[in-house]
Amino acid sequence: MKLTREANAILGRTSIGMLALRSGRLPLVNPAVFSFAGGSLWMTTSRYAAKTIIAKRDPRAAFLVDGGERAVLLRGGLEVFDPLKVSNDIRAVLEGPSFFLGMVGYALRNAPFVAGYALDLARLPREWMPYNRVVLRMRLGDADIVKGAPFPSAQAARVPAVPAEVSRRLAGVSRGYACWIEGGLPVVRPAFWEVDHGQVSVAPTSGRPRSGAPGALVVESHHRFRPSRMVGACVRGSFAASNDGAAIAERYGIEVAEVPPVMDLKPERVTSWRGFSITTAVPRPARQLRVAEG
């Protein structure tokens, strides 16, 4: 698939994007280092990672590359190439030079991350060692330029149900990412966000999920080249209608009229990461709701 000049420019100056997958009812979103070559998006991850397992079950995916005031949303099908499986090796050979050129391009473009990965080698869990890595390739179905925002600095906001250190590191992050399902595929947008007494408010820069739709908010702080120093959280749940943009306006120091349409996100599960340590928790209100429904 051929991209526009603007889309290629955004992809060329950005190293990390947000990969969204359909994990059952709720989408899962997390950051990924990437390269774009031969009309496909290339990534690597652990064969034991949640995204690998999900992609094998449901390959429908989206990838947002944020260029600031403009972003590129890529959507399509995700393929997993596992070098320890002979059938996958044969498939890679049958792909011809495109597969190998894609991987060479990935390594060259992301040399700082490859070097950072090598620096972290001594502390890597077994699941993330080089011999346990697989290749992910997204074959593009469509690509769109979407609206971003400058995102001014923001007051502290605490992501719910995450370890204290993760909460502290993410408190001042102003740029979040909202995800929902549209046309059977995930949609990802840059988003303003706020948490007030456990209530999560999200204002995507464009588009709006319907009330009751499953979705997610991702807040992430990445390091320029050390994966062990990346921190983030994915809050997953259901969106609910909201007409109150005052809390977000106050957090960002902007006028209420400048806030895009706001949705509340009712958290059901929160997955957080600090380097290679990953935890998933159920927020207290969601636990209480499950008990009441049971």
# chains A, B, ... in the order shown; residues from 1 in each chain; ligands from 1
call {"tool": "residues_around", "arguments": {"residues": "range 194-201 of chain A", "least_positions_apart": "3", "cutoff": "12 Å", "atoms": "only C-alpha atoms", "output": "count of residues only"}}
result
58
call {"tool": "select_by_dssp", "arguments": {"residues": "range 79-287 of chain A", "states": "strand (DSSP E or B)", "output": "PyMOL selection string"}}
result
chain A and resi 79-81+133-147+176-182+185-196+199-204+214-221+231-241+263-274+277-281
call {"tool": "residues_around", "arguments": {"residues": "Leu185 in chain A", "least_positions_apart": "4", "cutoff": "10 Å", "atoms": "only C-alpha atoms", "output": "list in words"}}
result
Ala20, Leu21, Arg22, Pro27, Pro59, Arg60, Ala61, Ala62, Arg75, Gly76, Gly77, Trp180 and Ile181 of chain A
call {"tool": "select_by_dssp", "arguments": {"residues": "range 58-237 of chain A", "states": "alpha helix (DSSP H)", "output": "PyMOL selection string"}}
result
chain A and resi 86-94+97-109+111-119+164-170
call {"tool": "write_last_selection", "arguments": {"atoms": "N, CA and C atoms", "output": "compact mmCIF listing (two decimals), in the first residue's frame"}}
result
# COMPACT_ATOMS: atom_id res chain seq x y z
N VAL A 86 9.49 -24.31 11.77
CA VAL A 86 9.94 -24.55 10.40
C VAL A 86 8.96 -23.98 9.38
N SER A 87 7.67 -24.12 9.66
CA SER A 87 6.66 -23.62 8.72
C SER A 87 6.78 -22.11 8.54
N ASN A 88 7.12 -21.41 9.63
CA ASN A 88 7.30 -19.96 9.53
C ASN A 88 8.56 -19.61 8.76
N ASP A 89 9.62 -20.40 8.94
CA ASP A 89 10.86 -20.17 8.19
C ASP A 89 10.62 -20.35 6.70
N ILE A 90 9.87 -21.39 6.35
CA ILE A 90 9.55 -21.62 4.94
C ILE A 90 8.72 -20.46 4.39
N ARG A 91 7.77 -20.01 5.19
CA ARG A 91 6.93 -18.88 4.76
C ARG A 91 7.77 -17.63 4.53
N ALA A 92 8.75 -17.40 5.40
CA ALA A 92 9.62 -16.23 5.24
C ALA A 92 10.44 -16.33 3.96
N VAL A 93 10.94 -17.54 3.66
CA VAL A 93 11.72 -17.74 2.43
C VAL A 93 10.84 -17.51 1.20
N LEU A 94 9.61 -18.01 1.26
CA LEU A 94 8.70 -17.86 0.13
C LEU A 94 8.30 -16.40 -0.09
N PRO A 97 12.79 -11.57 -0.98
CA PRO A 97 13.66 -10.61 -0.28
C PRO A 97 12.90 -9.61 0.59
N SER A 98 11.60 -9.46 0.39
CA SER A 98 10.85 -8.44 1.14
C SER A 98 10.92 -8.68 2.64
N PHE A 99 10.86 -9.95 3.06
CA PHE A 99 10.90 -10.25 4.49
C PHE A 99 12.26 -9.87 5.08
N PHE A 100 13.32 -10.28 4.43
CA PHE A 100 14.66 -10.03 4.96
C PHE A 100 15.02 -8.54 4.87
N LEU A 101 14.58 -7.88 3.81
CA LEU A 101 14.81 -6.44 3.70
C LEU A 101 14.04 -5.69 4.78
N GLY A 102 12.85 -6.19 5.09
CA GLY A 102 12.06 -5.57 6.15
C GLY A 102 12.76 -5.66 7.49
N MET A 103 13.36 -6.81 7.78
CA MET A 103 14.05 -6.98 9.06
C MET A 103 15.36 -6.21 9.11
N VAL A 104 16.07 -6.16 7.98
CA VAL A 104 17.30 -5.36 7.94
C VAL A 104 16.96 -3.89 8.16
N GLY A 105 15.89 -3.43 7.51
CA GLY A 105 15.46 -2.05 7.70
C GLY A 105 15.08 -1.76 9.14
N TYR A 106 14.43 -2.72 9.78
CA TYR A 106 14.06 -2.56 11.19
C TYR A 106 15.31 -2.40 12.06
N ALA A 107 16.30 -3.27 11.85
CA ALA A 107 17.52 -3.23 12.67
C ALA A 107 18.29 -1.94 12.47
N LEU A 108 18.40 -1.49 11.22
CA LEU A 108 19.16 -0.27 10.94
C LEU A 108 18.44 0.96 11.48
N ARG A 109 17.15 1.02 11.27
CA ARG A 109 16.39 2.19 11.70
C ARG A 109 16.34 2.32 13.21
N ALA A 111 18.58 1.11 15.46
CA ALA A 111 19.87 0.73 16.04
C ALA A 111 20.01 1.17 17.50
N PRO A 112 19.58 2.39 17.89
CA PRO A 112 19.69 2.77 19.30
C PRO A 112 18.91 1.84 20.23
N PHE A 113 17.72 1.41 19.80
CA PHE A 113 16.93 0.50 20.63
C PHE A 113 17.57 -0.89 20.69
N VAL A 114 18.15 -1.32 19.56
CA VAL A 114 18.85 -2.61 19.56
C VAL A 114 20.02 -2.55 20.53
N ALA A 115 20.75 -1.42 20.53
CA ALA A 115 21.87 -1.25 21.45
C ALA A 115 21.38 -1.20 22.90
N GLY A 116 20.27 -0.50 23.13
CA GLY A 116 19.71 -0.44 24.48
C GLY A 116 19.26 -1.80 24.97
N TYR A 117 18.70 -2.58 24.06
CA TYR A 117 18.29 -3.95 24.38
C TYR A 117 19.51 -4.77 24.80
N ALA A 118 20.63 -4.56 24.08
CA ALA A 118 21.86 -5.28 24.43
C ALA A 118 22.37 -4.86 25.81
N LEU A 119 22.25 -3.56 26.13
CA LEU A 119 22.67 -3.08 27.44
C LEU A 119 21.83 -3.70 28.56
N ALA A 164 2.77 1.96 42.81
CA ALA A 164 3.03 3.35 43.20
C ALA A 164 4.08 4.01 42.31
N GLU A 165 5.15 3.29 41.97
CA GLU A 165 6.21 3.88 41.15
C GLU A 165 5.70 4.18 39.74
N VAL A 166 4.88 3.30 39.19
CA VAL A 166 4.30 3.55 37.87
C VAL A 166 3.39 4.77 37.93
N SER A 167 2.56 4.84 38.96
CA SER A 167 1.66 5.99 39.13
C SER A 167 2.44 7.29 39.21
N ARG A 168 3.53 7.28 39.97
CA ARG A 168 4.35 8.49 40.12
C ARG A 168 4.97 8.90 38.80
N ARG A 169 5.48 7.94 38.05
CA ARG A 169 6.16 8.25 36.78
C ARG A 169 5.18 8.77 35.72
N LEU A 170 3.94 8.34 35.79
CA LEU A 170 2.97 8.72 34.76
C LEU A 170 2.14 9.94 35.14
call {"tool": "atom_distance", "arguments": {"atom1": "CA of Leu84 in chain A", "atom2": "CA of Gly38 in chain A"}}
result
24.0 Å
call {"tool": "residues_around", "arguments": {"residues": "Ala143 in chain A", "least_positions_apart": "2", "cutoff": "7 Å", "atoms": "only C-alpha atoms", "output": "PyMOL selection string"}}
result
chain A and resi 72-75
call {"tool": "atom_distance", "arguments": {"atom1": "CA of Asp66 in chain A", "atom2": "CA of Leu3 in chain A"}}
result
15.5 Å
call {"tool": "closest_residue", "arguments": {"among": "A:Gly24, A:Lys56, A:Phe81, A:Thr45", "to": "Pro130 in chain A", "atoms": "only C-alpha atoms"}}
result
A:Thr45
call {"tool": "closest_residue", "arguments": {"among": "A:Asn110, A:Thr14, A:Asn132, A:Ser40", "to": "Val65 in chain A", "atoms": "only C-alpha atoms"}}
result
A:Thr14
call {"tool": "atom_distance", "arguments": {"atom1": "CA of Phe63 in chain A", "atom2": "CA of Cys179 in chain A"}}
result
10.5 Å
call {"tool": "closest_residue", "arguments": {"among": "A:Ala213, A:Leu19, A:Ala49, A:Ile54", "to": "Met129 in chain A", "atoms": "only C-alpha atoms"}}
result
A:Ala49
call {"tool": "decode", "arguments": {"residues": "range 233-248 of chain A", "atoms": "all heavy atoms", "output": "PDB file, in the first residue's frame"}}
result
ATOM      1  N   ALA A 233       0.809   2.378  31.238  1.00  0.00           N
ATOM      2  CA  ALA A 233      -0.383   1.683  31.726  1.00  0.00           C
ATOM      3  C   ALA A 233      -1.469   1.740  30.666  1.00  0.00           C
ATOM      4  O   ALA A 233      -1.603   2.735  29.948  1.00  0.00           O
ATOM      5  CB  ALA A 233      -0.886   2.312  33.025  1.00  0.00           C
ATOM      6  N   CYS A 234      -2.232   0.661  30.585  1.00  0.00           N
ATOM      7  CA  CYS A 234      -3.381   0.577  29.685  1.00  0.00           C
ATOM      8  C   CYS A 234      -4.620   0.314  30.539  1.00  0.00           C
ATOM      9  O   CYS A 234      -4.749  -0.759  31.137  1.00  0.00           O
ATOM     10  CB  CYS A 234      -3.181  -0.535  28.658  1.00  0.00           C
ATOM     11  SG  CYS A 234      -4.562  -0.745  27.506  1.00  0.00           S
ATOM     12  N   VAL A 235      -5.482   1.319  30.628  1.00  0.00           N
ATOM     13  CA  VAL A 235      -6.724   1.213  31.396  1.00  0.00           C
ATOM     14  C   VAL A 235      -7.816   0.765  30.435  1.00  0.00           C
ATOM     15  O   VAL A 235      -8.120   1.462  29.462  1.00  0.00           O
ATOM     16  CB  VAL A 235      -7.100   2.564  32.032  1.00  0.00           C
ATOM     17  CG1 VAL A 235      -8.373   2.424  32.862  1.00  0.00           C
ATOM     18  CG2 VAL A 235      -5.955   3.099  32.883  1.00  0.00           C
ATOM     19  N   ARG A 236      -8.414  -0.387  30.703  1.00  0.00           N
ATOM     20  CA  ARG A 236      -9.424  -0.939  29.792  1.00  0.00           C
ATOM     21  C   ARG A 236     -10.782  -1.018  30.480  1.00  0.00           C
ATOM     22  O   ARG A 236     -10.867  -1.334  31.663  1.00  0.00           O
ATOM     23  CB  ARG A 236      -8.993  -2.332  29.317  1.00  0.00           C
ATOM     24  CG  ARG A 236      -7.705  -2.308  28.514  1.00  0.00           C
ATOM     25  CD  ARG A 236      -7.391  -3.672  27.940  1.00  0.00           C
ATOM     26  NE  ARG A 236      -6.888  -4.585  28.949  1.00  0.00           N
ATOM     27  CZ  ARG A 236      -6.859  -5.908  28.797  1.00  0.00           C
ATOM     28  NH1 ARG A 236      -7.349  -6.456  27.702  1.00  0.00           N
ATOM     29  NH2 ARG A 236      -6.361  -6.669  29.741  1.00  0.00           N
ATOM     30  N   GLY A 237     -11.813  -0.722  29.715  1.00  0.00           N
ATOM     31  CA  GLY A 237     -13.155  -0.749  30.281  1.00  0.00           C
ATOM     32  C   GLY A 237     -14.183  -0.342  29.248  1.00  0.00           C
ATOM     33  O   GLY A 237     -14.013  -0.595  28.054  1.00  0.00           O
ATOM     34  N   SER A 238     -15.239   0.318  29.694  1.00  0.00           N
ATOM     35  CA  SER A 238     -16.324   0.739  28.806  1.00  0.00           C
ATOM     36  C   SER A 238     -16.486   2.251  28.871  1.00  0.00           C
ATOM     37  O   SER A 238     -16.400   2.850  29.947  1.00  0.00           O
ATOM     38  CB  SER A 238     -17.642   0.064  29.207  1.00  0.00           C
ATOM     39  OG  SER A 238     -17.536  -1.339  29.094  1.00  0.00           O
ATOM     40  N   PHE A 239     -16.741   2.850  27.716  1.00  0.00           N
ATOM     41  CA  PHE A 239     -16.954   4.291  27.653  1.00  0.00           C
ATOM     42  C   PHE A 239     -18.391   4.635  28.046  1.00  0.00           C
ATOM     43  O   PHE A 239     -19.323   3.866  27.802  1.00  0.00           O
ATOM     44  CB  PHE A 239     -16.677   4.819  26.244  1.00  0.00           C
ATOM     45  CG  PHE A 239     -15.213   4.919  25.914  1.00  0.00           C
ATOM     46  CD1 PHE A 239     -14.628   4.044  25.008  1.00  0.00           C
ATOM     47  CD2 PHE A 239     -14.418   5.883  26.512  1.00  0.00           C
ATOM     48  CE1 PHE A 239     -13.282   4.132  24.702  1.00  0.00           C
ATOM     49  CE2 PHE A 239     -13.067   5.984  26.217  1.00  0.00           C
ATOM     50  CZ  PHE A 239     -12.498   5.104  25.308  1.00  0.00           C
ATOM     51  N   ALA A 240     -18.540   5.797  28.656  1.00  0.00           N
ATOM     52  CA  ALA A 240     -19.859   6.314  29.019  1.00  0.00           C
ATOM     53  C   ALA A 240     -19.913   7.787  28.650  1.00  0.00           C
ATOM     54  O   ALA A 240     -18.891   8.487  28.672  1.00  0.00           O
ATOM     55  CB  ALA A 240     -20.121   6.132  30.516  1.00  0.00           C
ATOM     56  N   ALA A 241     -21.091   8.257  28.301  1.00  0.00           N
ATOM     57  CA  ALA A 241     -21.252   9.647  27.884  1.00  0.00           C
ATOM     58  C   ALA A 241     -20.895  10.598  29.019  1.00  0.00           C
ATOM     59  O   ALA A 241     -21.115  10.312  30.199  1.00  0.00           O
ATOM     60  CB  ALA A 241     -22.688   9.891  27.428  1.00  0.00           C
ATOM     61  N   SER A 242     -20.322  11.735  28.654  1.00  0.00           N
ATOM     62  CA  SER A 242     -19.976  12.769  29.628  1.00  0.00           C
ATOM     63  C   SER A 242     -20.041  14.123  28.936  1.00  0.00           C
ATOM     64  O   SER A 242     -19.625  14.262  27.786  1.00  0.00           O
ATOM     65  CB  SER A 242     -18.571  12.543  30.193  1.00  0.00           C
ATOM     66  OG  SER A 242     -18.192  13.616  31.035  1.00  0.00           O
ATOM     67  N   ASN A 243     -20.570  15.090  29.627  1.00  0.00           N
ATOM     68  CA  ASN A 243     -20.641  16.448  29.080  1.00  0.00           C
ATOM     69  C   ASN A 243     -19.757  17.414  29.854  1.00  0.00           C
ATOM     70  O   ASN A 243     -19.843  18.626  29.663  1.00  0.00           O
ATOM     71  CB  ASN A 243     -22.099  16.948  29.109  1.00  0.00           C
ATOM     72  CG  ASN A 243     -23.004  16.132  28.205  1.00  0.00           C
ATOM     73  OD1 ASN A 243     -22.633  15.826  27.080  1.00  0.00           O
ATOM     74  ND2 ASN A 243     -24.182  15.783  28.704  1.00  0.00           N
ATOM     75  N   ASP A 244     -18.918  16.872  30.727  1.00  0.00           N
ATOM     76  CA  ASP A 244     -18.131  17.722  31.613  1.00  0.00           C
ATOM     77  C   ASP A 244     -16.664  17.722  31.199  1.00  0.00           C
ATOM     78  O   ASP A 244     -15.944  16.756  31.438  1.00  0.00           O
ATOM     79  CB  ASP A 244     -18.279  17.233  33.059  1.00  0.00           C
ATOM     80  CG  ASP A 244     -17.555  18.153  34.038  1.00  0.00           C
ATOM     81  OD1 ASP A 244     -17.172  19.264  33.620  1.00  0.00           O
ATOM     82  OD2 ASP A 244     -17.378  17.755  35.201  1.00  0.00           O
ATOM     83  N   GLY A 245     -16.237  18.804  30.565  1.00  0.00           N
ATOM     84  CA  GLY A 245     -14.834  18.937  30.195  1.00  0.00           C
ATOM     85  C   GLY A 245     -14.057  19.811  31.158  1.00  0.00           C
ATOM     86  O   GLY A 245     -12.880  20.094  30.932  1.00  0.00           O
ATOM     87  N   ALA A 246     -14.706  20.227  32.263  1.00  0.00           N
ATOM     88  CA  ALA A 246     -14.075  21.168  33.188  1.00  0.00           C
ATOM     89  C   ALA A 246     -12.841  20.571  33.856  1.00  0.00           C
ATOM     90  O   ALA A 246     -11.828  21.259  34.040  1.00  0.00           O
ATOM     91  CB  ALA A 246     -15.084  21.613  34.247  1.00  0.00           C
ATOM     92  N   ALA A 247     -12.906  19.290  34.241  1.00  0.00           N
ATOM     93  CA  ALA A 247     -11.774  18.669  34.935  1.00  0.00           C
ATOM     94  C   ALA A 247     -10.550  18.595  34.022  1.00  0.00           C
ATOM     95  O   ALA A 247      -9.422  18.869  34.448  1.00  0.00           O
ATOM     96  CB  ALA A 247     -12.162  17.280  35.431  1.00  0.00           C
ATOM     97  N   ILE A 248     -10.773  18.234  32.766  1.00  0.00           N
ATOM     98  CA  ILE A 248      -9.657  18.173  31.816  1.00  0.00           C
ATOM     99  C   ILE A 248      -9.123  19.573  31.542  1.00  0.00           C
ATOM    100  O   ILE A 248      -7.906  19.794  31.489  1.00  0.00           O
ATOM    101  CB  ILE A 248     -10.101  17.474  30.516  1.00  0.00           C
ATOM    102  CG1 ILE A 248     -10.231  15.967  30.770  1.00  0.00           C
ATOM    103  CG2 ILE A 248      -9.114  17.739  29.378  1.00  0.00           C
ATOM    104  CD1 ILE A 248     -10.646  15.159  29.568  1.00  0.00           C
TER     105      ILE A 248
END
